$ cat input_0.txt   # compact mmCIF, C-alpha atoms
# COMPACT_ATOMS: atom_id res chain seq x y z
CA MET A 1 150.17 -8.07 59.19
CA SER A 2 150.47 -6.16 62.47
CA GLU A 3 147.70 -3.83 63.64
CA LYS A 4 150.00 -0.82 63.22
CA THR A 5 150.93 -1.81 59.66
CA ALA A 6 147.29 -2.43 58.77
CA SER A 7 146.31 0.96 60.18
CA THR A 8 149.02 2.74 58.18
CA ALA A 9 148.00 0.86 55.02
CA LYS A 10 144.39 1.91 55.61
CA GLU A 11 145.44 5.57 55.90
CA PHE A 12 147.38 5.18 52.65
CA MET A 13 144.35 3.79 50.80
CA VAL A 14 141.97 6.39 52.22
CA GLY A 15 144.38 9.16 51.29
CA ALA A 16 144.56 7.90 47.71
CA ALA A 17 140.77 7.97 47.39
CA GLY A 18 140.66 11.49 48.80
CA GLY A 19 143.41 12.64 46.46
CA ILE A 20 141.65 11.37 43.34
CA THR A 21 138.51 13.18 44.49
CA GLN A 22 140.53 16.40 44.71
CA VAL A 23 141.74 16.14 41.13
CA ILE A 24 138.41 15.23 39.54
CA ILE A 25 136.53 18.05 41.26
CA GLY A 26 139.22 20.71 41.30
CA GLN A 27 141.15 20.52 38.02
CA PRO A 28 139.03 23.04 36.03
CA PHE A 29 139.40 25.58 38.85
CA ASP A 30 143.12 24.89 39.06
CA ILE A 31 143.97 25.69 35.45
CA VAL A 32 142.15 29.02 35.76
CA LYS A 33 144.02 29.78 39.00
CA VAL A 34 147.43 28.96 37.52
CA ARG A 35 146.88 31.04 34.40
CA MET A 36 145.76 33.99 36.50
CA GLN A 37 148.95 33.67 38.55
CA VAL A 38 151.32 33.71 35.57
CA GLN A 39 149.49 35.92 33.06
CA ALA A 40 148.92 39.66 32.91
CA ASN A 41 145.93 41.22 34.68
CA ARG A 42 142.95 39.08 33.75
CA SER A 43 139.89 38.01 35.71
CA ALA A 44 138.81 34.44 36.33
CA VAL A 45 135.86 34.90 33.96
CA GLN A 46 138.12 36.21 31.19
CA VAL A 47 140.58 33.35 31.59
CA ALA A 48 137.82 30.72 31.65
CA ARG A 49 136.11 32.26 28.62
CA ASP A 50 139.35 32.31 26.63
CA ILE A 51 140.10 28.69 27.46
CA TRP A 52 136.60 27.66 26.36
CA LYS A 53 136.72 29.76 23.18
CA HIS A 54 140.23 28.99 21.96
CA GLU A 55 140.98 25.54 23.40
CA GLY A 56 137.65 23.86 24.05
CA ALA A 57 136.00 22.33 27.10
CA LEU A 58 138.53 19.52 27.47
CA ALA A 59 141.29 22.10 28.00
CA PHE A 60 139.97 22.65 31.53
CA TYR A 61 141.40 19.20 32.29
CA LYS A 62 144.74 19.92 30.64
CA GLY A 63 147.59 18.66 32.79
CA THR A 64 145.31 16.25 34.66
CA LEU A 65 147.45 13.13 34.22
CA PRO A 66 150.39 14.18 36.46
CA PRO A 67 148.23 15.05 39.49
CA LEU A 68 145.91 12.10 38.86
CA ILE A 69 148.91 9.79 39.01
CA GLY A 70 150.73 11.71 41.70
CA VAL A 71 147.96 12.97 43.97
CA GLY A 72 147.02 9.50 45.17
CA ALA A 73 150.61 8.97 46.25
CA CYS A 74 150.85 12.52 47.62
CA ILE A 75 147.76 12.42 49.80
CA SER A 76 148.52 8.86 50.85
CA ILE A 77 151.99 9.96 51.99
CA VAL A 78 150.46 12.87 53.87
CA TYR A 79 147.90 10.74 55.72
CA SER A 80 150.21 7.83 56.50
CA THR A 81 153.07 10.13 57.60
CA ASN A 82 150.74 12.23 59.73
CA HIS A 83 149.34 9.03 61.24
CA THR A 84 152.84 7.89 62.24
CA ILE A 85 154.06 11.26 63.54
CA SER A 86 150.89 12.05 65.49
CA HIS A 87 151.00 8.72 67.29
CA SER A 88 154.67 9.31 68.14
CA LEU A 89 153.77 12.71 69.56
CA GLN A 90 150.87 11.19 71.48
CA SER A 91 153.27 8.77 73.16
CA LEU A 92 155.26 11.80 74.35
CA ASN A 93 152.01 13.12 75.83
CA ASN A 94 151.55 9.90 77.81
CA GLY A 95 148.50 9.04 75.74
CA GLN A 96 146.84 12.44 76.10
CA PRO A 97 145.30 14.14 73.03
CA LEU A 98 147.60 16.24 70.90
CA THR A 99 147.51 19.99 71.38
CA THR A 100 146.59 22.12 68.37
CA PRO A 101 150.25 23.18 67.82
CA GLN A 102 151.29 19.51 67.91
CA THR A 103 148.60 18.63 65.39
CA PHE A 104 149.80 21.49 63.18
CA LEU A 105 153.41 20.28 63.47
CA SER A 106 152.47 16.70 62.62
CA GLY A 107 150.53 17.80 59.55
CA GLY A 108 153.27 20.22 58.52
CA LEU A 109 155.97 17.55 58.66
CA ALA A 110 153.72 15.25 56.64
CA GLY A 111 153.43 18.07 54.10
CA LEU A 112 157.21 18.34 53.87
CA ALA A 113 157.44 14.62 53.12
CA ASN A 114 154.76 15.05 50.48
CA SER A 115 156.65 17.91 48.78
CA LEU A 116 159.23 15.45 47.45
CA ILE A 117 156.53 14.17 45.08
CA SER A 118 154.21 17.17 44.81
CA GLY A 119 157.06 19.50 43.73
CA PRO A 120 157.94 17.82 40.42
CA THR A 121 154.35 16.66 39.85
CA GLU A 122 153.04 20.21 40.04
CA HIS A 123 155.95 21.53 37.97
CA ILE A 124 154.98 19.22 35.10
CA ARG A 125 151.27 20.01 35.53
CA ILE A 126 151.83 23.76 35.45
CA ARG A 127 153.91 23.59 32.27
CA LEU A 128 151.18 21.58 30.56
CA GLN A 129 148.50 23.97 31.81
CA THR A 130 150.25 27.12 30.61
CA GLN A 131 150.72 26.05 27.00
CA SER A 132 147.86 26.66 24.62
CA GLN A 133 146.34 24.80 21.70
CA GLY A 134 145.07 28.03 20.17
CA PRO A 135 145.54 31.82 20.12
CA SER A 136 144.64 32.28 23.77
CA PRO A 137 145.86 35.67 25.07
CA ASN A 138 149.17 35.76 26.96
CA ILE A 139 149.75 32.03 26.50
CA THR A 140 152.09 30.74 23.82
CA SER A 141 150.30 29.13 20.86
CA THR A 142 153.22 26.76 20.34
CA GLN A 143 153.25 23.42 22.10
CA PRO A 144 156.72 22.40 23.24
CA TYR A 145 155.20 19.51 25.21
CA ASN A 146 153.19 16.72 23.62
CA GLY A 147 152.47 15.13 26.96
CA VAL A 148 153.92 14.24 30.34
CA LEU A 149 156.99 12.38 29.04
CA SER A 150 157.71 15.12 26.51
CA CYS A 151 157.57 17.70 29.29
CA ILE A 152 159.92 15.68 31.51
CA ARG A 153 162.40 15.28 28.65
CA HIS A 154 162.27 19.01 27.90
CA ILE A 155 162.93 19.97 31.52
CA THR A 156 165.74 17.48 32.08
CA ALA A 157 167.39 18.38 28.75
CA HIS A 158 167.78 21.97 29.97
CA SER A 159 168.32 21.51 33.70
CA GLY A 160 168.83 17.83 34.42
CA ILE A 161 166.94 15.94 37.13
CA PRO A 162 167.26 18.89 39.58
CA GLY A 163 165.25 20.94 37.08
CA LEU A 164 162.16 18.91 37.96
CA TYR A 165 162.42 20.42 41.44
CA ARG A 166 162.34 24.04 40.31
CA GLY A 167 160.31 26.03 42.84
CA GLN A 168 160.89 23.43 45.55
CA VAL A 169 161.51 25.93 48.37
CA PRO A 170 158.15 27.72 48.01
CA THR A 171 156.57 24.30 47.50
CA MET A 172 157.94 23.12 50.84
CA LEU A 173 156.83 26.30 52.61
CA ARG A 174 153.34 25.95 51.14
CA GLU A 175 153.06 22.25 51.94
CA PHE A 176 154.19 22.68 55.55
CA GLY A 177 151.69 25.46 56.22
CA SER A 178 148.89 23.94 54.18
CA TYR A 179 148.88 20.51 55.78
CA GLY A 180 149.46 21.99 59.20
CA VAL A 181 146.19 23.88 58.67
CA TRP A 182 144.57 20.86 56.98
CA PHE A 183 144.79 18.66 60.05
CA SER A 184 144.69 21.17 62.90
CA VAL A 185 141.80 23.34 61.67
CA TYR A 186 139.71 20.40 60.48
CA GLY A 187 140.33 18.51 63.71
CA TYR A 188 139.34 21.54 65.77
CA LEU A 189 136.15 22.17 63.79
CA VAL A 190 135.01 18.54 63.95
CA SER A 191 135.74 18.33 67.68
CA ARG A 192 133.42 21.30 68.20
CA LEU A 193 130.65 19.59 66.21
CA THR A 194 130.96 16.16 67.80
CA PRO A 195 127.94 15.44 70.04
CA PRO A 196 128.77 15.44 73.80
CA SER A 197 127.69 11.79 74.01
CA SER A 198 130.44 10.93 71.55
CA SER A 199 133.28 12.09 73.75
CA SER A 200 135.46 9.25 72.56
CA SER A 201 135.02 10.41 68.98
CA ALA A 202 135.91 13.96 69.94
CA THR A 203 139.04 12.72 71.66
CA THR A 204 139.95 10.77 68.54
CA HIS A 205 139.77 13.90 66.44
CA GLN A 206 141.81 15.95 68.87
CA THR A 207 144.43 13.23 68.91
CA GLN A 208 144.37 12.11 65.31
CA PRO A 209 141.99 14.18 63.17
CA ASP A 210 142.31 12.01 60.12
CA THR A 211 141.14 8.78 61.76
CA ALA A 212 137.67 7.45 62.36
CA GLY A 213 135.51 9.47 64.70
CA ALA A 214 133.64 11.79 62.40
CA SER A 215 130.94 9.16 61.94
CA ALA A 216 129.03 10.96 64.70
CA VAL A 217 128.99 14.08 62.51
CA PRO A 218 126.53 14.25 59.58
CA LYS A 219 128.17 14.24 56.15
CA TRP A 220 127.02 17.76 55.35
CA LYS A 221 128.77 19.00 58.48
CA THR A 222 131.90 17.06 57.54
CA ALA A 223 131.79 18.72 54.11
CA THR A 224 131.29 22.14 55.72
CA CYS A 225 134.26 21.64 58.03
CA GLY A 226 136.35 20.55 55.06
CA ALA A 227 135.29 23.57 53.01
CA ILE A 228 136.14 25.99 55.82
CA THR A 229 139.48 24.26 56.30
CA GLY A 230 140.25 24.71 52.60
CA VAL A 231 139.49 28.43 52.68
CA VAL A 232 141.68 28.94 55.76
CA LEU A 233 144.43 26.87 54.13
CA TRP A 234 144.62 29.13 51.08
CA ALA A 235 144.26 32.33 53.10
CA ALA A 236 147.31 31.34 55.13
CA ASN A 237 149.54 30.05 52.32
CA TYR A 238 148.47 31.48 48.96
CA PRO A 239 151.48 33.79 48.32
CA PHE A 240 153.80 30.76 48.42
CA ASP A 241 151.68 29.15 45.69
CA VAL A 242 151.94 32.24 43.47
CA VAL A 243 155.73 32.34 43.78
CA LYS A 244 155.93 28.60 43.10
CA SER A 245 153.75 28.83 39.98
CA LYS A 246 155.76 31.71 38.52
CA MET A 247 159.02 29.83 39.02
CA GLN A 248 157.66 26.61 37.53
CA ALA A 249 156.05 28.28 34.50
CA ASP A 250 159.23 30.25 33.73
CA GLY A 251 161.33 29.61 30.64
CA PHE A 252 164.82 28.18 30.28
CA GLY A 253 168.14 29.77 29.37
CA ALA A 254 167.73 33.14 27.67
CA GLU A 255 163.95 32.90 28.11
CA GLN A 256 164.17 32.54 31.89
CA ARG A 257 162.70 35.62 33.55
CA TYR A 258 163.33 34.86 37.22
CA LYS A 259 166.76 34.08 38.65
CA SER A 260 165.56 32.83 42.02
CA MET A 261 162.66 32.76 44.47
CA ARG A 262 163.83 36.10 45.83
CA ASP A 263 163.79 37.54 42.31
CA VAL A 264 160.19 36.36 41.83
CA VAL A 265 159.19 38.11 45.05
CA ARG A 266 161.03 41.29 44.07
CA GLN A 267 159.61 41.49 40.54
CA THR A 268 156.08 40.65 41.68
CA TRP A 269 156.24 43.34 44.36
CA ARG A 270 157.59 45.97 41.95
CA GLY A 271 155.11 45.13 39.23
CA HIS A 272 151.91 44.53 41.17
CA GLY A 273 152.46 45.30 44.84
CA VAL A 274 150.85 43.17 47.53
CA GLY A 275 147.99 42.27 45.19
CA GLY A 276 150.40 40.42 42.92
CA PHE A 277 150.82 37.74 45.56
CA TRP A 278 147.08 37.15 45.74
CA ARG A 279 146.15 36.89 42.05
CA GLY A 280 143.66 34.05 41.58
CA VAL A 281 142.99 33.62 45.30
CA GLY A 282 139.23 33.88 44.75
CA THR A 283 139.36 31.01 42.28
CA ALA A 284 141.51 28.98 44.68
CA MET A 285 139.05 29.48 47.51
CA GLY A 286 136.12 28.73 45.22
CA ARG A 287 137.89 25.50 44.30
CA ALA A 288 138.61 24.73 47.96
CA VAL A 289 134.93 24.60 48.94
CA PRO A 290 133.89 21.58 46.82
CA VAL A 291 137.35 19.99 46.69
CA CYS A 292 138.18 20.03 50.40
CA GLY A 293 134.59 19.38 51.44
CA GLY A 294 134.38 16.40 49.08
CA THR A 295 137.80 15.08 50.06
CA PHE A 296 137.00 14.94 53.76
CA VAL A 297 133.65 13.25 53.10
CA VAL A 298 135.47 10.55 51.11
CA VAL A 299 138.25 10.23 53.69
CA GLU A 300 135.77 9.84 56.56
CA MET A 301 133.77 7.09 54.77
CA ARG A 302 135.28 4.25 56.74

$ encode --input "input_0.txt" --output "structure tokens"
Amino acid sequence: MSEKTASTAKEFMVGAAGGITQVIIGQPFDIVKVRMQVQANRSAVQVARDIWKHEGALAFYKGTLPPLIGVGACISIVYSTNHTISHSLQSLNNGQPLTTPQTFLSGGLAGLANSLISGPTEHIRIRLQTQSQGPSPNITSTQPYNGVLSCIRHITAHSGIPGLYRGQVPTMLREFGSYGVWFSVYGYLVSRLTPPSSSSSATTHQTQPDTAGASAVPKWKTATCGAITGVVLWAANYPFDVVKSKMQADGFGAEQRYKSMRDVVRQTWRGHGVGGFWRGVGTAMGRAVPVCGGTFVVVEMR
């Protein structure tokens, strides 16, 4: 195995570990966020209380299987693709560190590659998360989906294979911006925290922020950088996530409320104004702190 192939394989494995960490820590926050995005005006506390009361504690992990299966592949694709693109860009720089815009571009393109898997994976997850096992307010008490395969069959029966990619455009916009921030902001923060004596490590992070080099930074600082990165990520891209969730939770045929992404934007604006595009953002940012902090700690353990 060549050194380049081994390095890419390592990024793939590390990404998988980081992705699983994201799901385990973040899933309870995620179901609250999604239900806030697609329901009527309800606070995070109200949504969480209703889930606990009507569906039980395990409901906070409803829809976990799709991301648990898919997130390892998703994050692995992101890290391995970013690794390849960033090194290609570095060769254009004659070996000099990537600029922040180049790092953003590399991460963004990796995010686009990831969207091919994250789009349908999140579509299935959201449909499982927004069906109830009890009389929870604003969520149907019927269960059209008995599991992942049942959900896939239901979607494809109505819309074919392309139906799995409902909401793909806002997914791509979110993934490009999110992973652009993920690598560029984290790389910048770590480079500022790297001790002067570890100049080689700092250069590594400026060039390729997802590779080794953060070993000179204490784990709590790595977690802090990751947490800040997660908050910035959602602040920059959250409206895309709201539009995506509304499209993916929508019905089929006569029950379909939104005709297109533009229609989602128009109806959300008319019904709730600017605030409608930010419903659940507090929960998302609260989730980002432990999830992104924990993910980067796991990723840098090498």

$ residues_near_point --input "input_0.txt" --point "(140.3, 36.3, 51.1)" --cutoff "9 Å" --atoms "all atoms listed in the file" --output "list in words"
Val231, Val232, Trp234, Ala235, Trp278, Val281, Gly282 and Met285 of chain A

$ write_last_selection --input "input_0.txt" --atoms "C-alpha atoms" --output "short mmCIF file (atom, residue, chain, number, x, y, z; two decimals), keeping the file's coordinate frame"
data_model
loop_
_atom_site.label_atom_id
_atom_site.label_comp_id
_atom_site.auth_asym_id
_atom_site.auth_seq_id
_atom_site.Cartn_x
_atom_site.Cartn_y
_atom_site.Cartn_z
CA VAL A 231 139.49 28.43 52.68
CA VAL A 232 141.68 28.94 55.76
CA TRP A 234 144.62 29.13 51.08
CA ALA A 235 144.26 32.33 53.10
CA TRP A 278 147.08 37.15 45.74
CA VAL A 281 142.99 33.62 45.30
CA GLY A 282 139.23 33.88 44.75
CA MET A 285 139.05 29.48 47.51
#

$ atom_distance --input "input_0.txt" --atom1 "CA of Gly275 (chain A)" --atom2 "CA of Asp241 (chain A)"
13.6 Å

$ closest_residue --input "input_0.txt" --among "A:Arg49, A:His123, A:Arg174, A:His158" --to "Gln256 (chain A)" --atoms "all atoms listed in the file"
A:His158

$ residues_around --input "input_0.txt" --residues "Pro67 (chain A)" --least-positions-apart "3" --cutoff "7 Å" --atoms "all atoms listed in the file" --output "PyMOL selection string"
chain A and resi 23+64+70-71+121

$ write_last_selection --input "input_0.txt" --atoms "C-alpha atoms" --output "JSON list (two decimals), in the frame of the given file"
[["chain", "number", "residue", "atom", "x", "y", "z"],
["A", 23, "VAL", "CA", 141.74, 16.14, 41.13],
["A", 64, "THR", "CA", 145.31, 16.25, 34.66],
["A", 70, "GLY", "CA", 150.73, 11.71, 41.70],
["A", 71, "VAL", "CA", 147.96, 12.97, 43.97],
["A", 121, "THR", "CA", 154.35, 16.66, 39.85]]

$ atom_distance --input "input_0.txt" --atom1 "CA of Phe183 (chain A)" --atom2 "CA of Leu89 (chain A)"
14.4 Å

$ atom_distance --input "input_0.txt" --atom1 "CA of Tyr145 (chain A)" --atom2 "CA of Arg35 (chain A)"
16.9 Å

$ residues_near_point --input "input_0.txt" --point "(159.6, 40.7, 39.9)" --cutoff "12 Å" --atoms "all atoms listed in the file" --output "list of chain:residue names"
A:Val38, A:Val242, A:Val243, A:Lys246, A:Met247, A:Arg257, A:Tyr258, A:Lys259, A:Ser260, A:Met261, A:Arg262, A:Asp263, A:Val264, A:Val265, A:Arg266, A:Gln267, A:Thr268, A:Trp269, A:Arg270, A:Gly271, A:His272, A:Gly273, A:Val274, A:Gly276, A:Phe277

$ decode --input "input_0.txt" --residues "region 90-187 of chain A" --atoms "C-alpha atoms" --output "mmCIF file, in the first residue's frame"
data_model
loop_
_atom_site.group_PDB
_atom_site.id
_atom_site.type_symbol
_atom_site.label_atom_id
_atom_site.label_comp_id
_atom_site.auth_asym_id
_atom_site.auth_seq_id
_atom_site.Cartn_x
_atom_site.Cartn_y
_atom_site.Cartn_z
ATOM 1 C CA GLN A 90 -1.219 22.758 -1.775
ATOM 2 C CA SER A 91 0.639 21.554 -4.855
ATOM 3 C CA LEU A 92 -0.721 24.600 -6.696
ATOM 4 C CA ASN A 93 0.737 26.720 -3.885
ATOM 5 C CA ASN A 94 4.180 25.185 -4.458
ATOM 6 C CA GLY A 95 4.007 23.503 -1.074
ATOM 7 C CA GLN A 96 2.963 26.614 0.839
ATOM 8 C CA PRO A 97 0.143 26.404 3.428
ATOM 9 C CA LEU A 98 -3.394 26.810 2.155
ATOM 10 C CA THR A 99 -5.038 30.179 2.586
ATOM 11 C CA THR A 100 -8.241 30.325 4.625
ATOM 12 C CA PRO A 101 -10.410 30.673 1.464
ATOM 13 C CA GLN A 102 -8.665 27.623 -0.022
ATOM 14 C CA THR A 103 -9.280 25.651 3.154
ATOM 15 C CA PHE A 104 -12.940 26.705 3.043
ATOM 16 C CA LEU A 105 -13.196 25.653 -0.614
ATOM 17 C CA SER A 106 -11.606 22.276 0.055
ATOM 18 C CA GLY A 107 -13.962 21.583 2.941
ATOM 19 C CA GLY A 108 -16.961 22.848 0.977
ATOM 20 C CA LEU A 109 -16.245 20.553 -1.971
ATOM 21 C CA ALA A 110 -15.846 17.657 0.451
ATOM 22 C CA GLY A 111 -19.255 18.589 1.848
ATOM 23 C CA LEU A 112 -20.789 18.456 -1.628
ATOM 24 C CA ALA A 113 -19.412 14.945 -2.103
ATOM 25 C CA ASN A 114 -20.843 13.990 1.269
ATOM 26 C CA SER A 115 -24.319 15.295 0.353
ATOM 27 C CA LEU A 116 -24.824 12.362 -2.020
ATOM 28 C CA ILE A 117 -25.104 10.142 1.066
ATOM 29 C CA SER A 118 -26.220 12.606 3.741
ATOM 30 C CA GLY A 119 -29.227 13.758 1.670
ATOM 31 C CA PRO A 120 -31.161 10.467 1.593
ATOM 32 C CA THR A 121 -29.821 9.408 5.004
ATOM 33 C CA GLU A 122 -31.206 12.532 6.660
ATOM 34 C CA HIS A 123 -34.449 12.286 4.689
ATOM 35 C CA ILE A 124 -35.108 8.838 6.157
ATOM 36 C CA ARG A 125 -34.025 9.949 9.642
ATOM 37 C CA ILE A 126 -36.313 12.973 9.624
ATOM 38 C CA ARG A 127 -39.346 10.933 8.571
ATOM 39 C CA LEU A 128 -38.701 8.480 11.399
ATOM 40 C CA GLN A 129 -38.188 11.314 13.881
ATOM 41 C CA THR A 130 -41.395 13.146 12.990
ATOM 42 C CA GLN A 131 -43.758 10.218 13.471
ATOM 43 C CA SER A 132 -45.030 9.564 16.969
ATOM 44 C CA GLN A 133 -45.796 6.488 19.024
ATOM 45 C CA GLY A 134 -48.342 8.380 21.103
ATOM 46 C CA PRO A 135 -50.591 11.458 21.163
ATOM 47 C CA SER A 136 -47.730 13.933 20.995
ATOM 48 C CA PRO A 137 -48.965 17.390 19.903
ATOM 49 C CA ASN A 138 -48.603 18.318 16.221
ATOM 50 C CA ILE A 139 -47.110 14.945 15.323
ATOM 51 C CA THR A 140 -49.223 12.237 13.735
ATOM 52 C CA SER A 141 -50.064 9.360 16.090
ATOM 53 C CA THR A 142 -50.101 6.936 13.173
ATOM 54 C CA GLN A 143 -46.923 5.149 12.185
ATOM 55 C CA PRO A 144 -46.588 4.732 8.426
ATOM 56 C CA TYR A 145 -43.001 3.535 8.907
ATOM 57 C CA ASN A 146 -42.068 0.465 10.920
ATOM 58 C CA GLY A 147 -38.378 1.056 10.396
ATOM 59 C CA VAL A 148 -35.741 2.119 7.909
ATOM 60 C CA LEU A 149 -36.703 -0.328 5.147
ATOM 61 C CA SER A 150 -40.388 0.479 5.577
ATOM 62 C CA CYS A 151 -39.597 4.179 5.222
ATOM 63 C CA ILE A 152 -37.526 3.607 2.076
ATOM 64 C CA ARG A 153 -40.310 1.522 0.522
ATOM 65 C CA HIS A 154 -42.882 4.198 1.358
ATOM 66 C CA ILE A 155 -40.813 6.977 -0.219
ATOM 67 C CA THR A 156 -39.917 5.061 -3.367
ATOM 68 C CA ALA A 157 -43.505 3.845 -3.826
ATOM 69 C CA HIS A 158 -44.646 7.473 -4.081
ATOM 70 C CA SER A 159 -41.680 9.145 -5.753
ATOM 71 C CA GLY A 160 -39.271 6.471 -6.937
ATOM 72 C CA ILE A 161 -35.539 6.531 -6.191
ATOM 73 C CA PRO A 162 -35.354 10.326 -6.838
ATOM 74 C CA GLY A 163 -37.774 10.746 -3.930
ATOM 75 C CA LEU A 164 -35.003 9.748 -1.531
ATOM 76 C CA TYR A 165 -33.215 12.920 -2.609
ATOM 77 C CA ARG A 166 -36.039 15.291 -1.724
ATOM 78 C CA GLY A 167 -34.518 18.469 -0.286
ATOM 79 C CA GLN A 168 -31.190 17.800 -1.982
ATOM 80 C CA VAL A 169 -30.559 21.404 -3.079
ATOM 81 C CA PRO A 170 -30.747 22.889 0.447
ATOM 82 C CA THR A 171 -28.777 19.862 1.646
ATOM 83 C CA MET A 172 -25.973 20.673 -0.797
ATOM 84 C CA LEU A 173 -25.995 24.362 0.154
ATOM 85 C CA ARG A 174 -25.833 23.462 3.840
ATOM 86 C CA GLU A 175 -23.097 20.862 3.384
ATOM 87 C CA PHE A 176 -20.898 23.165 1.303
ATOM 88 C CA GLY A 177 -21.099 25.994 3.831
ATOM 89 C CA SER A 178 -20.962 23.760 6.891
ATOM 90 C CA TYR A 179 -17.843 21.820 5.978
ATOM 91 C CA GLY A 180 -16.185 24.923 4.605
ATOM 92 C CA VAL A 181 -16.590 26.380 8.106
ATOM 93 C CA TRP A 182 -15.740 23.038 9.744
ATOM 94 C CA PHE A 183 -12.225 22.917 8.340
ATOM 95 C CA SER A 184 -11.356 26.597 7.921
ATOM 96 C CA VAL A 185 -12.574 27.877 11.302
ATOM 97 C CA TYR A 186 -11.223 24.908 13.249
ATOM 98 C CA GLY A 187 -7.885 25.107 11.455
#
